[in-house]
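Below you'll find the structure, written out as structure tokens, and then a few comments.
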Amino acid sequence: MTDDELIWRIAGGSGDGIDSTSQNFAKALMRAGLHVFTHRHYPSRIRGGHTYVEIRAADHEVKSRGDNYNFLLALGDSFARNPQEEAYYGNEEIKPLSENLDELREGGVIIYDSGLLDTDDIPDFDERVEENNWHVFDLDLRGLAKEHGREVMRNTAGVGATCAIIDLDLEIVEELMSEAMPEKILEPNLEILRESYEDVKENYDTDVGVTVPESEHDEEQILISGSHGIAYGAIDEGCRFISGYPMTPWTDVFTIMTQHLPDLGGISEQVEDEIAAASLAIGASHAGAKAMSGSSGGGFALMSEPLGLAEITETPIVLVESMRAGPSTGMPTKPEQGDLEHVLYTSQGDSNRVVFAPGDARESYIQTRKAFELAYNYQIPSIILYDQKLSGGHETVTESTFDREPNPDIGEVVTEEDIEQGERLAGRFKRYRYDGEDGVSPRSLPGQKGGNFLASGNEHNEAGHISEDPDNRVTQMDRRMEKLDAIRDELDAMDESHQTVYGDEDADYAILNFGSTKGAVEEAVDMLNEDGHSVKAMNVSDMVPFPKNEVNSFLEGVDEALVVEMNATAQFRRHIQAATGKHGDKLFSLLKYDGNPFEPTDVVDGFEARLDGSAEPAHNTRIESATGD
């Protein structure tokens with residue numbers, strides 16, 4: 001991370017409009033020519049409770065949240081349960097200011113709403129300001145908002161003050177507001193924005209050393225989250241049916257799909273629970289639609305039985321699993337990567353599925369499209385595994401990423417002529433033929449003349465009739481498992497691997513990770529190599545079928561490899577060892593599971609602590625050896 005960037009944090013209470021305000025400001029920074037990455041932190045409460053969004057903006061690509069931040073806009077929590085310090089949750093009103101000071105960089109900027117917040121409630125505030133050389137702007141944002149209309153407009157006043165301090169042209173923000181706001185509230189918001197901007201410019205010293213760099217994009221950019229990437233990938237791959245039940249953080253994908261599908265002739269169904277959601281999507285796919293469903297944590301656990309049904313009936317389906325901190329309800333709005341083994345092994349018997357874990361918004365789009373393609377070509381469930389960090393965080397992605405042909409194809413389906421000429425068993429179509437190429441049997445759809453068959457959750461013969469014959473069981477199981485070998489061959493032959501290797505391929509040390517830790521690890525690799533280390537990284541997306549050859553090749557010649565993941569039980573490291581059958585002597589885990597994602601310096605500290613042996617890793621991270629596993 002460099003000094004020529006803005007890392008702006010807006011903090012308030014849930015329900016104070018923090019998310020919508022930050023999204024608009026992030027778009028403004030993108031339109032100003034900057035690369036943007038956002039991080040969202042919020043409690044599991046509908047209203048009230050300290051929440052913030054962090055926006056990192058620079059003239060170079062940014063892949064992760066930064067190490068600490070340099071600008072705080074503290075609005076206070078207007079929905080605080082109890083503003084008394086002795087209350088169970090403490091003085092919630094002041095928390096958007098008091099709880100954000102530890103990570104504010106030396107020389108940073110603080111704007112706080114003195115209409116709601118009183119720094120006398122923070123006993124050591126003045127001392128800390130002096131010690132850290134913070135630049136404090138005491139502004140009555142609440143009062144200004146009330147003068148022009150509603151209190152919630154204090155967010156706009158805070159953005160106006162921010163623009164004055166960082167010297168950002170107001171026209172960009174005004175244009176965004178004009179696009180997003182209805183006319184009746186647009187004018188008072190524009191008045192507040194300009195008045196706040198002019199007040200700070202005229203009455204305060206804004207030469208504080210924190211500005212936005214000037215930049216211009218080489219390619220057209222859009223600002224999206226991993227949830228957008230998954231939804232847009234599904235739509236472009238021809239998905240026209242989704243069923244689900246809301247559950248944080250999967251709800252974002254469900255909501256985006258629900259907004260768009262009706263305009264595309266598609267259907268979105270919110271049902272009574274996750275069992276019904278997955279079953280409904282399987283039924284839609286059986287009927288010939290491209291379908292998906294999904295959930296998070298406990299909701300996905302309810303999908304275990306329908307998932308097994310899709311596997312044994314060979315019904316193509318795409319499911320989404322958005323991880324959060326467990327077990328059980330755990331911390332429902334905090335990121336973690338503790339559901340990997342759950343997704344790999346849930347359901348009955350030997351699993352037969354594809355699992356991808358994209359590392360950023362771009363990969364979310366590309367790998368979702370591939371998940372649909374494989375599901376429908378090989379008649380197998382595909383699962384997209386991601387987490388709360390990737391779900392809600394936004395980042396700039398080149399528009400050309402989405403310049404790909406749509407694909408409505410549902411895989412090979414036999415014609416009625418094929419059915420008429422084909423063999424039948426006991427009057428039924430041989431849906432589960434033994435001799436399908438790459439394990440894929442011919443598929444008919446309901447309504448085709450002569451194409452009727454039984455789709456049973458029991459083991460079955462070629463026509464779907466229940467069978468417990470040992471030879472039939474082995475033949476059918478082997479045929480279904482054969483698909484994974486064919487899928488691995490197809491993935492290996494692609495022009496662009498899903499595994500991203502970063503750094504010098506001849507490096508002495510390696511870092512392995514999966515999913516949303518990708519950006520933080522890559523920035524850590526840059527920092528480590530600048531400090532004289534020799535490090536490379538691989539972000540693995542293909543969980544099943546596992547890219548054994550790629551991982552083995554990557555680890556050849558390195559002295560040690562650090563496996564970075566957000567859980568307490570080293571699930572990804574164990575998966576590597578199980579899939580490759582080796583490397584236990586050189587793998588060490590860096591684990592974090594406190595509800596916060598990795599920052600680049602967490603990875604740097606963990607790597608150096610492992611090398612040094614005596615040094616301590618970053619706070620709330622743990623190093624663990626694979627020896628003896």
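Naming works like this for the structure tokens: A, B, ... for the chains as they're shown, residue 1 at the start of each chain, ligands 1 onward in shown order.
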
Name all residues at most 10 Å from region 473-482 of chain A (count only C-alpha atoms; drop same-chain ones fewer than 4 positions away) and give them as a PyMOL selection string. chain A and resi 311-312+314+350-353+378-380+432-441+459-462+467-469+486-487

Output N, CA and C atoms of each residue in that selection to a file, as a PDB file, in the first residue's frame.
ATOM      1  N   GLU A 311     -27.706 -35.029  -7.678  1.00  0.00           N
ATOM      2  CA  GLU A 311     -26.553 -35.839  -8.068  1.00  0.00           C
ATOM      3  C   GLU A 311     -26.979 -37.202  -8.617  1.00  0.00           C
ATOM      4  N   ILE A 312     -27.883 -37.867  -7.926  1.00  0.00           N
ATOM      5  CA  ILE A 312     -28.222 -39.232  -8.367  1.00  0.00           C
ATOM      6  C   ILE A 312     -29.180 -39.235  -9.555  1.00  0.00           C
ATOM      7  N   GLU A 314     -28.969 -36.922 -11.796  1.00  0.00           N
ATOM      8  CA  GLU A 314     -28.162 -36.263 -12.822  1.00  0.00           C
ATOM      9  C   GLU A 314     -28.907 -35.078 -13.442  1.00  0.00           C
ATOM     10  N   ASP A 350     -21.193 -40.725  -1.678  1.00  0.00           N
ATOM     11  CA  ASP A 350     -20.042 -40.124  -2.353  1.00  0.00           C
ATOM     12  C   ASP A 350     -20.497 -38.939  -3.203  1.00  0.00           C
ATOM     13  N   SER A 351     -19.914 -37.784  -2.946  1.00  0.00           N
ATOM     14  CA  SER A 351     -20.351 -36.574  -3.645  1.00  0.00           C
ATOM     15  C   SER A 351     -19.881 -36.586  -5.097  1.00  0.00           C
ATOM     16  N   ASN A 352     -20.651 -35.933  -5.918  1.00  0.00           N
ATOM     17  CA  ASN A 352     -20.378 -35.898  -7.349  1.00  0.00           C
ATOM     18  C   ASN A 352     -20.813 -34.533  -7.864  1.00  0.00           C
ATOM     19  N   ARG A 353     -19.958 -33.526  -7.634  1.00  0.00           N
ATOM     20  CA  ARG A 353     -20.333 -32.152  -7.940  1.00  0.00           C
ATOM     21  C   ARG A 353     -19.115 -31.350  -8.342  1.00  0.00           C
ATOM     22  N   TYR A 378     -22.617 -31.702 -18.448  1.00  0.00           N
ATOM     23  CA  TYR A 378     -22.288 -32.972 -17.800  1.00  0.00           C
ATOM     24  C   TYR A 378     -23.403 -33.473 -16.872  1.00  0.00           C
ATOM     25  N   GLN A 379     -24.514 -32.732 -16.805  1.00  0.00           N
ATOM     26  CA  GLN A 379     -25.660 -33.150 -15.984  1.00  0.00           C
ATOM     27  C   GLN A 379     -25.226 -33.424 -14.545  1.00  0.00           C
ATOM     28  N   ILE A 380     -24.741 -32.367 -13.907  1.00  0.00           N
ATOM     29  CA  ILE A 380     -24.135 -32.494 -12.583  1.00  0.00           C
ATOM     30  C   ILE A 380     -24.378 -31.188 -11.829  1.00  0.00           C
ATOM     31  N   TYR A 432     -30.462 -43.382 -18.209  1.00  0.00           N
ATOM     32  CA  TYR A 432     -29.192 -43.566 -17.493  1.00  0.00           C
ATOM     33  C   TYR A 432     -28.394 -44.702 -18.129  1.00  0.00           C
ATOM     34  N   ARG A 433     -28.126 -44.536 -19.403  1.00  0.00           N
ATOM     35  CA  ARG A 433     -27.399 -45.568 -20.146  1.00  0.00           C
ATOM     36  C   ARG A 433     -26.007 -45.784 -19.567  1.00  0.00           C
ATOM     37  N   TYR A 434     -25.548 -47.010 -19.624  1.00  0.00           N
ATOM     38  CA  TYR A 434     -24.229 -47.359 -19.100  1.00  0.00           C
ATOM     39  C   TYR A 434     -23.093 -46.774 -19.947  1.00  0.00           C
ATOM     40  N   ASP A 435     -23.335 -46.568 -21.232  1.00  0.00           N
ATOM     41  CA  ASP A 435     -22.234 -46.286 -22.161  1.00  0.00           C
ATOM     42  C   ASP A 435     -22.154 -44.821 -22.577  1.00  0.00           C
ATOM     43  N   GLY A 436     -22.661 -43.911 -21.754  1.00  0.00           N
ATOM     44  CA  GLY A 436     -22.592 -42.490 -22.101  1.00  0.00           C
ATOM     45  C   GLY A 436     -21.156 -41.995 -22.177  1.00  0.00           C
ATOM     46  N   GLU A 437     -20.875 -41.147 -23.185  1.00  0.00           N
ATOM     47  CA  GLU A 437     -19.521 -40.614 -23.352  1.00  0.00           C
ATOM     48  C   GLU A 437     -19.172 -39.693 -22.189  1.00  0.00           C
ATOM     49  N   ASP A 438     -17.969 -39.867 -21.619  1.00  0.00           N
ATOM     50  CA  ASP A 438     -17.512 -39.106 -20.448  1.00  0.00           C
ATOM     51  C   ASP A 438     -18.488 -39.252 -19.278  1.00  0.00           C
ATOM     52  N   GLY A 439     -19.225 -40.346 -19.240  1.00  0.00           N
ATOM     53  CA  GLY A 439     -20.166 -40.592 -18.157  1.00  0.00           C
ATOM     54  C   GLY A 439     -21.507 -39.914 -18.328  1.00  0.00           C
ATOM     55  N   VAL A 440     -21.704 -39.187 -19.433  1.00  0.00           N
ATOM     56  CA  VAL A 440     -22.933 -38.417 -19.641  1.00  0.00           C
ATOM     57  C   VAL A 440     -23.914 -39.227 -20.475  1.00  0.00           C
ATOM     58  N   SER A 441     -25.080 -39.534 -19.906  1.00  0.00           N
ATOM     59  CA  SER A 441     -26.104 -40.291 -20.611  1.00  0.00           C
ATOM     60  C   SER A 441     -27.022 -39.342 -21.380  1.00  0.00           C
ATOM     61  N   GLU A 459     -30.912 -45.780  -6.078  1.00  0.00           N
ATOM     62  CA  GLU A 459     -30.086 -46.253  -7.179  1.00  0.00           C
ATOM     63  C   GLU A 459     -31.008 -46.943  -8.182  1.00  0.00           C
ATOM     64  N   HIS A 460     -30.668 -46.826  -9.467  1.00  0.00           N
ATOM     65  CA  HIS A 460     -31.597 -47.244 -10.496  1.00  0.00           C
ATOM     66  C   HIS A 460     -30.858 -47.849 -11.682  1.00  0.00           C
ATOM     67  N   ASN A 461     -31.623 -48.519 -12.534  1.00  0.00           N
ATOM     68  CA  ASN A 461     -31.045 -49.060 -13.750  1.00  0.00           C
ATOM     69  C   ASN A 461     -31.127 -48.029 -14.874  1.00  0.00           C
ATOM     70  N   GLU A 462     -30.928 -48.438 -16.100  1.00  0.00           N
ATOM     71  CA  GLU A 462     -30.827 -47.496 -17.204  1.00  0.00           C
ATOM     72  C   GLU A 462     -32.112 -46.689 -17.438  1.00  0.00           C
ATOM     73  N   SER A 467     -32.993 -50.240  -8.479  1.00  0.00           N
ATOM     74  CA  SER A 467     -32.196 -51.467  -8.606  1.00  0.00           C
ATOM     75  C   SER A 467     -31.149 -51.510  -7.506  1.00  0.00           C
ATOM     76  N   GLU A 468     -31.041 -52.677  -6.849  1.00  0.00           N
ATOM     77  CA  GLU A 468     -29.992 -52.906  -5.860  1.00  0.00           C
ATOM     78  C   GLU A 468     -29.018 -53.969  -6.334  1.00  0.00           C
ATOM     79  N   ASP A 469     -29.043 -54.216  -7.624  1.00  0.00           N
ATOM     80  CA  ASP A 469     -28.107 -55.186  -8.204  1.00  0.00           C
ATOM     81  C   ASP A 469     -26.680 -54.662  -8.040  1.00  0.00           C
ATOM     82  N   ALA A 486     -13.440 -36.104 -16.743  1.00  0.00           N
ATOM     83  CA  ALA A 486     -13.631 -35.398 -18.005  1.00  0.00           C
ATOM     84  C   ALA A 486     -13.685 -33.885 -17.784  1.00  0.00           C
ATOM     85  N   ILE A 487     -14.330 -33.468 -16.698  1.00  0.00           N
ATOM     86  CA  ILE A 487     -14.402 -32.039 -16.385  1.00  0.00           C
ATOM     87  C   ILE A 487     -13.014 -31.491 -16.079  1.00  0.00           C
TER      88      ILE A 487
END

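Neighbours of region 417-423 of chain A closer than or equal to 7 Å, with only C-alpha atoms counted and sequence neighbours fewer than 5 positions away skipped, come out as Lys430, Gly450 and Gly451 of chain A.
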
How would the residues just chosen look if you wrote them out with N, CA and C atoms as a PDB file, in the first residue's frame?
ATOM      1  N   LYS A 430     -34.097 -45.056 -22.046  1.00  0.00           N
ATOM      2  CA  LYS A 430     -32.884 -45.344 -21.267  1.00  0.00           C
ATOM      3  C   LYS A 430     -32.170 -44.029 -20.917  1.00  0.00           C
ATOM      4  N   GLY A 450     -42.314 -40.545 -26.056  1.00  0.00           N
ATOM      5  CA  GLY A 450     -41.470 -41.706 -25.812  1.00  0.00           C
ATOM      6  C   GLY A 450     -40.288 -41.449 -24.914  1.00  0.00           C
ATOM      7  N   GLY A 451     -40.157 -40.229 -24.390  1.00  0.00           N
ATOM      8  CA  GLY A 451     -38.987 -39.892 -23.581  1.00  0.00           C
ATOM      9  C   GLY A 451     -39.182 -40.066 -22.098  1.00  0.00           C
TER      10      GLY A 451
END

Considering only C-alpha atoms, return as a PyMOL selection string whatever protein or nucleic-acid residues lie within 9 Å of Ile576 (chain A), sequence-local ones (same chain, fewer than 4 positions apart) excluded. chain A and resi 546+548+551+571-572+580-583

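The residue that comes closest to Ala287 (chain A), out of A:Arg443, A:Arg574, A:Lys63, A:Lys27 and on the basis of only C-alpha atoms, is A:Arg443.
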
Among the residues of region 343-518 of chain A, find those DSSP assigns to strand (DSSP E) from the backbone and print them as JSON, numbers by chain. {"A": [354, 355, 356, 381, 382, 383, 384, 385, 386, 387, 394, 395, 396, 397, 398, 424, 425, 428, 429, 500, 501, 502, 503, 509, 510, 511, 512, 513, 514]}

Write out the residues from the selection above, keeping C-alpha atoms, as a compact mmCIF listing (two decimals), in the first residue's frame.
# COMPACT_ATOMS: atom_id res chain seq x y z
CA VAL A 354 -18.31 -29.22 -9.25
CA VAL A 355 -17.24 -26.55 -6.74
CA PHE A 356 -15.68 -23.20 -7.72
CA PRO A 381 -24.65 -29.95 -9.78
CA SER A 382 -22.23 -27.00 -9.71
CA ILE A 383 -21.69 -24.90 -6.59
CA ILE A 384 -20.32 -21.35 -6.38
CA LEU A 385 -18.62 -20.89 -2.99
CA TYR A 386 -17.83 -17.36 -1.79
CA ASP A 387 -18.14 -15.29 1.40
CA HIS A 394 -17.43 -3.52 -4.56
CA GLU A 395 -14.48 -3.11 -6.90
CA THR A 396 -13.74 -1.61 -10.29
CA VAL A 397 -13.77 -4.13 -13.13
CA THR A 398 -13.10 -3.46 -16.80
CA ARG A 424 -35.99 -48.92 -24.50
CA LEU A 425 -36.17 -50.82 -21.23
CA ARG A 428 -39.16 -46.53 -20.88
CA PHE A 429 -36.41 -44.35 -22.33
CA THR A 500 -4.15 -17.34 -10.53
CA VAL A 501 -0.38 -17.47 -10.04
CA TYR A 502 1.20 -14.22 -8.91
CA GLY A 503 4.88 -13.35 -8.55
CA TYR A 509 8.62 -19.49 -0.90
CA ALA A 510 4.95 -19.81 -1.77
CA ILE A 511 1.56 -18.72 -0.49
CA LEU A 512 -1.58 -20.72 -1.27
CA ASN A 513 -5.08 -19.38 -0.71
CA PHE A 514 -8.60 -19.56 -2.06

Nearby residues (only C-alpha atoms) at most 10 Å from region 399-403 of chain A, same-chain spacing under 5 positions excluded, as a PDB file with C-alpha atoms, in the first residue's frame:
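Resulting contents of around.pdb:
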ATOM      1  CA  GLU A 219     -10.493   1.181 -20.201  1.00  0.00           C
ATOM      2  CA  GLU A 220     -14.114   1.790 -19.273  1.00  0.00           C
ATOM      3  CA  GLN A 221     -14.745   0.589 -15.693  1.00  0.00           C
ATOM      4  CA  ILE A 222     -17.799  -0.550 -13.791  1.00  0.00           C
ATOM      5  CA  LEU A 223     -18.189  -0.905 -10.035  1.00  0.00           C
ATOM      6  CA  GLY A 229     -20.602 -10.938 -10.841  1.00  0.00           C
ATOM      7  CA  TYR A 232     -24.664 -11.300 -14.247  1.00  0.00           C
ATOM      8  CA  GLY A 233     -22.763 -14.485 -15.062  1.00  0.00           C
ATOM      9  CA  ASP A 236     -25.539 -14.209 -19.483  1.00  0.00           C
ATOM     10  CA  ARG A 362     -14.367 -10.612 -12.272  1.00  0.00           C
ATOM     11  CA  GLU A 363     -13.779 -14.271 -11.449  1.00  0.00           C
ATOM     12  CA  TYR A 365     -18.712 -13.619 -13.361  1.00  0.00           C
ATOM     13  CA  ILE A 366     -16.429 -15.870 -15.409  1.00  0.00           C
TER      14      ILE A 366
END

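The gap separating CA of Ala537 (chain A) from CA of Gly359 (chain A) is 12.9 Å, in Å to one decimal.
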
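Near Ser268 (chain A), within 7 Å and counting only C-alpha atoms, sit Phe241, Ile242, Ser243, Thr258 and Leu261 of chain A, not including residues fewer than 3 positions from it in the same chain.
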
Would you output that residue set with N, CA and C atoms, as a PDB file, in the first residue's frame?
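As written to disk, again-v8.pdb reads:
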ATOM      1  N   PHE A 241     -34.404 -18.977 -14.206  1.00  0.00           N
ATOM      2  CA  PHE A 241     -35.210 -19.371 -13.053  1.00  0.00           C
ATOM      3  C   PHE A 241     -34.333 -19.357 -11.810  1.00  0.00           C
ATOM      4  N   ILE A 242     -34.833 -18.724 -10.768  1.00  0.00           N
ATOM      5  CA  ILE A 242     -34.153 -18.772  -9.477  1.00  0.00           C
ATOM      6  C   ILE A 242     -35.196 -18.907  -8.385  1.00  0.00           C
ATOM      7  N   SER A 243     -34.897 -19.713  -7.394  1.00  0.00           N
ATOM      8  CA  SER A 243     -35.764 -19.843  -6.224  1.00  0.00           C
ATOM      9  C   SER A 243     -34.895 -19.733  -4.984  1.00  0.00           C
ATOM     10  N   THR A 258     -33.629 -11.308  -8.961  1.00  0.00           N
ATOM     11  CA  THR A 258     -35.059 -11.010  -8.898  1.00  0.00           C
ATOM     12  C   THR A 258     -35.384  -9.693  -9.602  1.00  0.00           C
ATOM     13  N   LEU A 261     -34.680 -10.745 -13.768  1.00  0.00           N
ATOM     14  CA  LEU A 261     -35.280 -11.870 -14.489  1.00  0.00           C
ATOM     15  C   LEU A 261     -36.632 -11.555 -15.126  1.00  0.00           C
TER      16      LEU A 261
END

Taking 3 positions as the minimum chain separation for residues in the same chain, which residues sit within 8 Å of region 99-108 of chain A when counting only C-alpha atoms? Answer as number ranges by chain. A: 68-72, 95-96, 132-135, 208-210

Create the file for the chosen residues now, containing N, CA and C atoms and written as a PDB file, in the first residue's frame.
ATOM      1  N   ASN A  68      -5.228  -0.241   7.460  1.00  0.00           N
ATOM      2  CA  ASN A  68      -5.728   0.946   8.135  1.00  0.00           C
ATOM      3  C   ASN A  68      -6.279   1.939   7.100  1.00  0.00           C
ATOM      4  N   TYR A  69      -6.592   3.160   7.522  1.00  0.00           N
ATOM      5  CA  TYR A  69      -7.226   4.105   6.601  1.00  0.00           C
ATOM      6  C   TYR A  69      -6.821   5.523   7.003  1.00  0.00           C
ATOM      7  N   ASN A  70      -7.169   6.514   6.153  1.00  0.00           N
ATOM      8  CA  ASN A  70      -6.671   7.874   6.424  1.00  0.00           C
ATOM      9  C   ASN A  70      -7.741   8.956   6.476  1.00  0.00           C
ATOM     10  N   PHE A  71      -9.037   8.585   6.389  1.00  0.00           N
ATOM     11  CA  PHE A  71     -10.085   9.609   6.417  1.00  0.00           C
ATOM     12  C   PHE A  71     -11.337   9.003   7.042  1.00  0.00           C
ATOM     13  N   LEU A  72     -11.824   9.622   8.120  1.00  0.00           N
ATOM     14  CA  LEU A  72     -13.017   9.140   8.811  1.00  0.00           C
ATOM     15  C   LEU A  72     -14.118  10.190   8.771  1.00  0.00           C
ATOM     16  N   LYS A  95     -20.162   5.327  19.150  1.00  0.00           N
ATOM     17  CA  LYS A  95     -19.280   4.282  18.626  1.00  0.00           C
ATOM     18  C   LYS A  95     -18.768   4.532  17.208  1.00  0.00           C
ATOM     19  N   PRO A  96     -19.565   5.111  16.305  1.00  0.00           N
ATOM     20  CA  PRO A  96     -19.006   5.367  14.967  1.00  0.00           C
ATOM     21  C   PRO A  96     -17.765   6.261  14.982  1.00  0.00           C
ATOM     22  N   ASN A 132      -1.345  11.649  17.422  1.00  0.00           N
ATOM     23  CA  ASN A 132      -1.346  11.092  16.065  1.00  0.00           C
ATOM     24  C   ASN A 132      -1.400  12.153  14.969  1.00  0.00           C
ATOM     25  N   ASN A 133      -1.391  13.419  15.383  1.00  0.00           N
ATOM     26  CA  ASN A 133      -1.425  14.516  14.412  1.00  0.00           C
ATOM     27  C   ASN A 133      -2.631  14.397  13.478  1.00  0.00           C
ATOM     28  N   TRP A 134      -3.786  14.067  14.065  1.00  0.00           N
ATOM     29  CA  TRP A 134      -5.000  13.983  13.272  1.00  0.00           C
ATOM     30  C   TRP A 134      -5.560  15.379  13.011  1.00  0.00           C
ATOM     31  N   HIS A 135      -6.189  15.548  11.887  1.00  0.00           N
ATOM     32  CA  HIS A 135      -6.824  16.807  11.510  1.00  0.00           C
ATOM     33  C   HIS A 135      -8.329  16.655  11.726  1.00  0.00           C
ATOM     34  N   VAL A 208      -4.353  19.401   4.444  1.00  0.00           N
ATOM     35  CA  VAL A 208      -4.088  18.397   5.477  1.00  0.00           C
ATOM     36  C   VAL A 208      -3.271  17.216   4.952  1.00  0.00           C
ATOM     37  N   GLY A 209      -2.917  17.255   3.676  1.00  0.00           N
ATOM     38  CA  GLY A 209      -2.069  16.187   3.136  1.00  0.00           C
ATOM     39  C   GLY A 209      -2.813  14.949   2.688  1.00  0.00           C
ATOM     40  N   VAL A 210      -4.149  14.975   2.722  1.00  0.00           N
ATOM     41  CA  VAL A 210      -4.942  13.841   2.244  1.00  0.00           C
ATOM     42  C   VAL A 210      -5.786  14.319   1.075  1.00  0.00           C
TER      43      VAL A 210
END

Write out as a list in words which residues come within 10 Å of Leu562 (chain A) when counting only C-alpha atoms, dropping same-chain ones fewer than 3 positions away. Tyr509, Ala510, Ile511, Leu512, Asn513, Ala537, Glu565, Arg573, Lys586, Leu587, Phe588, Ser589, Leu590, Leu591, Val603, Gly606, Phe607, Arg610, Ile623, Glu624 and Ser625 of chain A

Run DSSP on the backbone of this structure and report the residues of region 358-591 of chain A it assigns to helix (DSSP H, G or I), as an NGL selection string. :A and (361-378 or 388-392 or 399-402 or 416-421 or 437-439 or 470-492 or 515-530 or 548-555 or 571-580)

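Closest approach to Asp167 (chain A) among A:Val129, A:Ile185, A:Leu29, A:Ala455 is made by A:Leu29 (distances from only C-alpha atoms).
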
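Distance check against Leu340 (chain A) using only C-alpha atoms: of A:Asn203, A:Asn452, A:Ser534, A:Ser296, the minimum falls on A:Ser296.
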
From CA of Asp409 (chain A) to CA of Pro316 (chain A) the spacing works out at 12.3 Å
